[in-house]
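A.B. asks: Attaching a single structure in structure tokens format; questions to follow.
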Amino acid sequence: MNIKDYMENVGRAARSAARLLATASTAAKNGALRAMAGQIRARKDQLLAANALDLTAAQADGLAAALLDRLSLTPAGIESMAQGLEQVAALPDPVGEITDLKRRPSGIQVGRMRVPLGVVGIIYEARPNVTADAAALCLKSGNAAILRGGKEALRSNLAIAACVQAGLAAAGLPETSVQVLTTTDRAAVGELIAMPQYVDVIVPRGGKGLIERIAKDARVPVIKHLDGVCHVYIDADANLDMAIRIADNAKTQRYAPCNTMETLLVHAAIAARVLPPLSKILFDKGVELRGCEQSRALIPQMKAASEEDWRTEYLAAILSIRIVDSLDAAIDHIARYGSQHTEAIVTEDYSAAMRFLREVDSSSVIVNASTRFADGFEYGLGAEIGISTDKFHARGPVGLEGLTSQKWIVLGNGEIRT
């Protein structure tokens, strides 16, 4: 296979499909999504068979247990995929929405209309469910999608893609609206991220190494986040029971997601009442604690934290803990070591909460709730395409609206400029 020619054909087909999708009716898009869900249910046995082949090959290649878990499809997981497509179909269609329409002194009306980005390239690792999620979000937002999954999941991804394309055909939409690359050659990724004539934005979903490579080499805009060094700050005026419950959940509900707490900051005035009961809960769950000198004075079993610990995304049962003297010190720590992903404050002090919301420069800032809520589904976006810590266009969880842009529109009645 000539990769350059192959990707040129894929890109050209996606661009043509994007022009048609931009004008597709909401009914057609929703019909396609529901048809895809029906196909996924009808082809459950084929999906499981394809996934079994992927799992067998991955095990033979020595894929890590955590990645095998992500790769695995179950009957319940397949039903969840189908339901996800139906949930996106039930969401409002953002395309064509007109906002901020105002009449100017000249008589014209000026506003903004929401429009698709065009062609979205998505690069992800061993998660077959992303194929369905990405197809759904791109289709509903009027975008064509080029999907490049991990080589470990190729058979599963192609089987899901067949369901997606059958659904598109049933609704009278071009099957090339969603294309899954059939090659595992890494050169295809290099071509995909360097085709601004065909691709409008790239969304990498995977490990830090993948995202760094894409961000470095891409010639088209990238929606991304590199790290999730997320903080919970327990203020002097926090409700103790609430603070312990939130900190426990933010760390232990799941260890691997990017919105899991990696550093706990505790005000010195409340540390002696918070850390002993909280550390017992965490130790009982097998969490390794690494703390500052003041923290270790309260909890001797805690290991000493290094300078590197404060900037580390563990994605594991490890937590860094620092005692701070003030809200200012907590905000300073987050500014120095954070990754602008998600931060939370636990406090009963309204002024402290408002300062934290205003001054902490992250894509999600939370008062009196777990960082684990920083997620497209929990925010009411339906499925999410990823999380962005950049400061332009999309920031935070990226759903349908994040896959669209806005253009200025002017409505007149014969006005001319003098």
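In the structure tokens, chains take the letters A, B, ... in the order shown, each chain's residues start at 1, and ligands count up from 1 in the order shown.
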As a count of residues only, please: the residues near Val110 in chain A (cut-off 10 Å, only C-alpha atoms, same-chain neighbours under 4 positions excluded).

C.D. replies: 11

A.B. asks: From a DSSP pass on the backbone, collect the residues of range 186-247 of chain A flagged as alpha helix (DSSP H) and hand them back as a PDB file with N, CA, C and O atoms, in the first residue's frame.

C.D. replies:
```
ATOM      1  N   ALA A 187       3.084   5.601   9.445  1.00  0.00           N
ATOM      2  CA  ALA A 187       3.222   6.681   8.458  1.00  0.00           C
ATOM      3  C   ALA A 187       1.864   7.305   8.142  1.00  0.00           C
ATOM      4  O   ALA A 187       1.798   8.474   7.749  1.00  0.00           O
ATOM      5  N   ALA A 188       0.789   6.535   8.322  1.00  0.00           N
ATOM      6  CA  ALA A 188      -0.547   7.072   8.051  1.00  0.00           C
ATOM      7  C   ALA A 188      -0.878   8.204   9.021  1.00  0.00           C
ATOM      8  O   ALA A 188      -1.531   9.184   8.645  1.00  0.00           O
ATOM      9  N   VAL A 189      -0.420   8.079  10.260  1.00  0.00           N
ATOM     10  CA  VAL A 189      -0.636   9.150  11.246  1.00  0.00           C
ATOM     11  C   VAL A 189       0.118  10.396  10.824  1.00  0.00           C
ATOM     12  O   VAL A 189      -0.402  11.516  10.890  1.00  0.00           O
ATOM     13  N   GLY A 190       1.357  10.201  10.373  1.00  0.00           N
ATOM     14  CA  GLY A 190       2.147  11.335   9.904  1.00  0.00           C
ATOM     15  C   GLY A 190       1.478  12.081   8.767  1.00  0.00           C
ATOM     16  O   GLY A 190       1.508  13.318   8.702  1.00  0.00           O
ATOM     17  N   GLU A 191       0.850  11.340   7.859  1.00  0.00           N
ATOM     18  CA  GLU A 191       0.131  11.981   6.755  1.00  0.00           C
ATOM     19  C   GLU A 191      -1.138  12.680   7.253  1.00  0.00           C
ATOM     20  O   GLU A 191      -1.446  13.801   6.839  1.00  0.00           O
ATOM     21  N   LEU A 192      -1.866  12.002   8.145  1.00  0.00           N
ATOM     22  CA  LEU A 192      -3.141  12.539   8.634  1.00  0.00           C
ATOM     23  C   LEU A 192      -2.968  13.899   9.299  1.00  0.00           C
ATOM     24  O   LEU A 192      -3.783  14.811   9.101  1.00  0.00           O
ATOM     25  N   LYS A 208       0.641  10.264  27.016  1.00  0.00           N
ATOM     26  CA  LYS A 208       1.333  11.544  26.864  1.00  0.00           C
ATOM     27  C   LYS A 208       2.290  11.533  25.676  1.00  0.00           C
ATOM     28  O   LYS A 208       2.405  12.527  24.954  1.00  0.00           O
ATOM     29  N   GLY A 209       2.969  10.407  25.453  1.00  0.00           N
ATOM     30  CA  GLY A 209       3.919  10.327  24.343  1.00  0.00           C
ATOM     31  C   GLY A 209       3.247  10.541  23.003  1.00  0.00           C
ATOM     32  O   GLY A 209       3.745  11.269  22.141  1.00  0.00           O
ATOM     33  N   LEU A 210       2.087   9.904  22.816  1.00  0.00           N
ATOM     34  CA  LEU A 210       1.337  10.072  21.570  1.00  0.00           C
ATOM     35  C   LEU A 210       0.937  11.528  21.378  1.00  0.00           C
ATOM     36  O   LEU A 210       1.132  12.105  20.300  1.00  0.00           O
ATOM     37  N   ILE A 211       0.386  12.128  22.441  1.00  0.00           N
ATOM     38  CA  ILE A 211      -0.120  13.499  22.314  1.00  0.00           C
ATOM     39  C   ILE A 211       1.020  14.483  22.067  1.00  0.00           C
ATOM     40  O   ILE A 211       0.894  15.405  21.249  1.00  0.00           O
ATOM     41  N   GLU A 212       2.152  14.286  22.732  1.00  0.00           N
ATOM     42  CA  GLU A 212       3.306  15.174  22.500  1.00  0.00           C
ATOM     43  C   GLU A 212       3.775  15.080  21.054  1.00  0.00           C
ATOM     44  O   GLU A 212       4.093  16.097  20.430  1.00  0.00           O
ATOM     45  N   ARG A 213       3.798  13.863  20.516  1.00  0.00           N
ATOM     46  CA  ARG A 213       4.248  13.692  19.131  1.00  0.00           C
ATOM     47  C   ARG A 213       3.291  14.394  18.176  1.00  0.00           C
ATOM     48  O   ARG A 213       3.708  15.107  17.251  1.00  0.00           O
ATOM     49  N   ILE A 214       1.993  14.215  18.394  1.00  0.00           N
ATOM     50  CA  ILE A 214       1.004  14.833  17.506  1.00  0.00           C
ATOM     51  C   ILE A 214       1.110  16.353  17.575  1.00  0.00           C
ATOM     52  O   ILE A 214       1.122  17.047  16.551  1.00  0.00           O
ATOM     53  N   ALA A 215       1.170  16.894  18.812  1.00  0.00           N
ATOM     54  CA  ALA A 215       1.234  18.346  18.973  1.00  0.00           C
ATOM     55  C   ALA A 215       2.487  18.930  18.326  1.00  0.00           C
ATOM     56  O   ALA A 215       2.460  20.035  17.770  1.00  0.00           O
ATOM     57  N   LYS A 216       3.580  18.185  18.367  1.00  0.00           N
ATOM     58  CA  LYS A 216       4.855  18.662  17.817  1.00  0.00           C
ATOM     59  C   LYS A 216       4.856  18.654  16.294  1.00  0.00           C
ATOM     60  O   LYS A 216       5.362  19.583  15.649  1.00  0.00           O
ATOM     61  N   ASP A 217       4.264  17.622  15.693  1.00  0.00           N
ATOM     62  CA  ASP A 217       4.394  17.420  14.247  1.00  0.00           C
ATOM     63  C   ASP A 217       3.198  17.880  13.423  1.00  0.00           C
ATOM     64  O   ASP A 217       3.290  17.986  12.201  1.00  0.00           O
ATOM     65  N   LEU A 240     -15.859  19.155  57.524  1.00  0.00           N
ATOM     66  CA  LEU A 240     -14.911  18.045  57.621  1.00  0.00           C
ATOM     67  C   LEU A 240     -15.408  16.782  56.928  1.00  0.00           C
ATOM     68  O   LEU A 240     -14.673  16.144  56.164  1.00  0.00           O
ATOM     69  N   ASP A 241     -16.650  16.397  57.214  1.00  0.00           N
ATOM     70  CA  ASP A 241     -17.176  15.174  56.603  1.00  0.00           C
ATOM     71  C   ASP A 241     -17.216  15.299  55.088  1.00  0.00           C
ATOM     72  O   ASP A 241     -16.877  14.359  54.363  1.00  0.00           O
ATOM     73  N   MET A 242     -17.650  16.472  54.605  1.00  0.00           N
ATOM     74  CA  MET A 242     -17.700  16.698  53.163  1.00  0.00           C
ATOM     75  C   MET A 242     -16.301  16.625  52.555  1.00  0.00           C
ATOM     76  O   MET A 242     -16.090  16.011  51.505  1.00  0.00           O
ATOM     77  N   ALA A 243     -15.343  17.256  53.220  1.00  0.00           N
ATOM     78  CA  ALA A 243     -13.978  17.301  52.687  1.00  0.00           C
ATOM     79  C   ALA A 243     -13.387  15.905  52.559  1.00  0.00           C
ATOM     80  O   ALA A 243     -12.762  15.564  51.539  1.00  0.00           O
ATOM     81  N   ILE A 244     -13.593  15.083  53.591  1.00  0.00           N
ATOM     82  CA  ILE A 244     -13.045  13.721  53.564  1.00  0.00           C
ATOM     83  C   ILE A 244     -13.720  12.902  52.474  1.00  0.00           C
ATOM     84  O   ILE A 244     -13.062  12.170  51.720  1.00  0.00           O
ATOM     85  N   ARG A 245     -15.038  13.036  52.351  1.00  0.00           N
ATOM     86  CA  ARG A 245     -15.785  12.275  51.339  1.00  0.00           C
ATOM     87  C   ARG A 245     -15.343  12.671  49.927  1.00  0.00           C
ATOM     88  O   ARG A 245     -15.134  11.816  49.060  1.00  0.00           O
ATOM     89  N   ILE A 246     -15.187  13.974  49.693  1.00  0.00           N
ATOM     90  CA  ILE A 246     -14.785  14.453  48.361  1.00  0.00           C
ATOM     91  C   ILE A 246     -13.365  14.016  48.024  1.00  0.00           C
ATOM     92  O   ILE A 246     -13.088  13.529  46.921  1.00  0.00           O
ATOM     93  N   ALA A 247     -12.440  14.178  48.976  1.00  0.00           N
ATOM     94  CA  ALA A 247     -11.046  13.809  48.709  1.00  0.00           C
ATOM     95  C   ALA A 247     -10.910  12.311  48.446  1.00  0.00           C
ATOM     96  O   ALA A 247     -10.165  11.888  47.541  1.00  0.00           O
TER      97      ALA A 247
END
```

A.B. asks: How many Å separate CA of Ala316 in chain A from CA of Pro397 in chain A?

C.D. replies: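 Result for CA of Ala316 in chain A versus CA of Pro397 in chain A: 22.0 Å, one decimal.
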
A.B. asks: So that I can check the surroundings of Gly286 in chain A, please list as a PyMOL selection string every protein, DNA and RNA residue that reaches within 12 Å of it, counting only C-alpha atoms and ignoring chain neighbours fewer than 5 positions away.

C.D. replies: chain A and resi 251-252+255+279-281+316-319

A.B. asks: Report the distance between CA of Leu282 in chain A and CA of Leu264 in chain A in Å, rounded to one decimal place.

C.D. replies: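 Going from CA of Leu282 in chain A over to CA of Leu264 in chain A, I get 12.2 Å.
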
A.B. asks: Please indicate the distance in Å from CA of Ser295 in chain A to CA of Ile321 in chain A, rounded to one decimal place.

C.D. replies: 6.9 Å

A.B. asks: When distances are computed from only C-alpha atoms, which of A:Ala238, A:Ala305, A:Met81, A:Val398 shows the smallest separation from Ala271 in chain A?

C.D. replies: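 Of A:Ala238, A:Ala305, A:Met81, A:Val398, the one nearest Ala271 in chain A is A:Ala238, counting only C-alpha atoms.
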
A.B. asks: Please provide the set of residues having any atom within 9 Å of range 161-168 of chain A, restricted to only C-alpha atoms, with same-chain residues fewer than 3 positions apart removed, written as a PyMOL selection string.

C.D. replies: chain A and resi 28-29+31-40+43+131-132+135-136+156-158+171-180

A.B. asks: Produce a table with one row for each residue of range 237-324 of chain A that has an atom at most 6 Å from any atom of range 371-390 of chain A, each row naming the nearest atom pair and its distance in Å at one decimal; use only C-alpha atoms; arrange rows by chain and rising residue number; format as a tab-separated table.

C.D. replies:
```
residue	atom	partner	partner_atom	distance
A:Ala250	CA	A:Thr371	CA	5.5
A:Asn259	CA	A:Arg372	CA	5.4
A:Thr260	CA	A:Arg372	CA	5.8
```

A.B. asks: Can those selected residues be exported to a file as a PDB file, in the first residue's frame so that it contains N, CA and C atoms?

C.D. replies:
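The result, written out as result_17.pdb:
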```
ATOM      1  N   ALA A 250     -12.371  11.682  44.948  1.00  0.00           N
ATOM      2  CA  ALA A 250     -11.548  12.269  43.889  1.00  0.00           C
ATOM      3  C   ALA A 250     -10.316  11.416  43.600  1.00  0.00           C
ATOM      4  N   ASN A 259      -9.040  12.989  35.299  1.00  0.00           N
ATOM      5  CA  ASN A 259      -9.621  13.938  36.255  1.00  0.00           C
ATOM      6  C   ASN A 259      -9.534  13.432  37.692  1.00  0.00           C
ATOM      7  N   THR A 260      -8.722  12.405  37.935  1.00  0.00           N
ATOM      8  CA  THR A 260      -8.495  11.909  39.291  1.00  0.00           C
ATOM      9  C   THR A 260      -7.527  12.834  40.029  1.00  0.00           C
TER      10      THR A 260
END
```

A.B. asks: With only C-alpha atoms as the counted atoms, please give the residues lying no more than 8 Å from Lys140 in chain A, apart from itself and same-chain residues fewer than 2 positions off, as a list in words.

C.D. replies: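 The neighbour list is Thr26, Lys29, Asn30, Val88, Ala89, Asp93, Ala136, Leu137, Cys138, Gly142, Asn143 and Leu400 of chain A.
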
A.B. asks: Mind writing the picked residues with N, CA, C and O atoms as a compact mmCIF listing (two decimals), in the first residue's frame?

C.D. replies:
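Done, and the output landed in selection-v1.txt:
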```txt
# COMPACT_ATOMS: atom_id res chain seq x y z
N THR A 26 -31.24 17.57 10.76
CA THR A 26 -31.16 16.92 12.07
C THR A 26 -31.81 15.54 12.01
O THR A 26 -31.30 14.57 12.58
N LYS A 29 -29.44 13.00 10.44
CA LYS A 29 -28.34 12.64 11.33
C LYS A 29 -28.83 11.75 12.47
O LYS A 29 -28.19 10.74 12.81
N ASN A 30 -29.97 12.10 13.05
CA ASN A 30 -30.51 11.28 14.14
C ASN A 30 -30.93 9.90 13.63
O ASN A 30 -30.75 8.89 14.32
N VAL A 88 -26.73 10.44 21.96
CA VAL A 88 -26.29 11.57 21.12
C VAL A 88 -27.41 11.99 20.18
O VAL A 88 -27.62 13.19 19.93
N ALA A 89 -28.16 11.02 19.66
CA ALA A 89 -29.29 11.36 18.79
C ALA A 89 -30.32 12.21 19.54
O ALA A 89 -30.98 13.07 18.94
N ASP A 93 -29.31 19.54 18.32
CA ASP A 93 -28.36 19.72 17.22
C ASP A 93 -27.81 21.15 17.30
O ASP A 93 -28.56 22.12 17.20
N ALA A 136 -20.34 9.18 16.48
CA ALA A 136 -21.60 9.81 16.88
C ALA A 136 -21.45 11.31 17.04
O ALA A 136 -22.25 12.09 16.51
N LEU A 137 -20.43 11.73 17.77
CA LEU A 137 -20.25 13.16 18.04
C LEU A 137 -19.92 13.93 16.76
O LEU A 137 -20.44 15.04 16.54
N CYS A 138 -19.06 13.35 15.93
CA CYS A 138 -18.71 14.05 14.69
C CYS A 138 -19.92 14.15 13.77
O CYS A 138 -20.18 15.22 13.19
N GLY A 142 -22.13 17.57 12.45
CA GLY A 142 -22.01 17.87 11.03
C GLY A 142 -20.62 17.73 10.46
O GLY A 142 -20.33 18.27 9.38
N ASN A 143 -19.75 17.00 11.15
CA ASN A 143 -18.36 16.83 10.70
C ASN A 143 -18.12 15.44 10.13
O ASN A 143 -18.66 14.45 10.63
N LEU A 400 -20.44 18.15 21.55
CA LEU A 400 -20.93 18.61 20.25
C LEU A 400 -20.55 20.05 19.98
O LEU A 400 -20.08 20.40 18.89
```
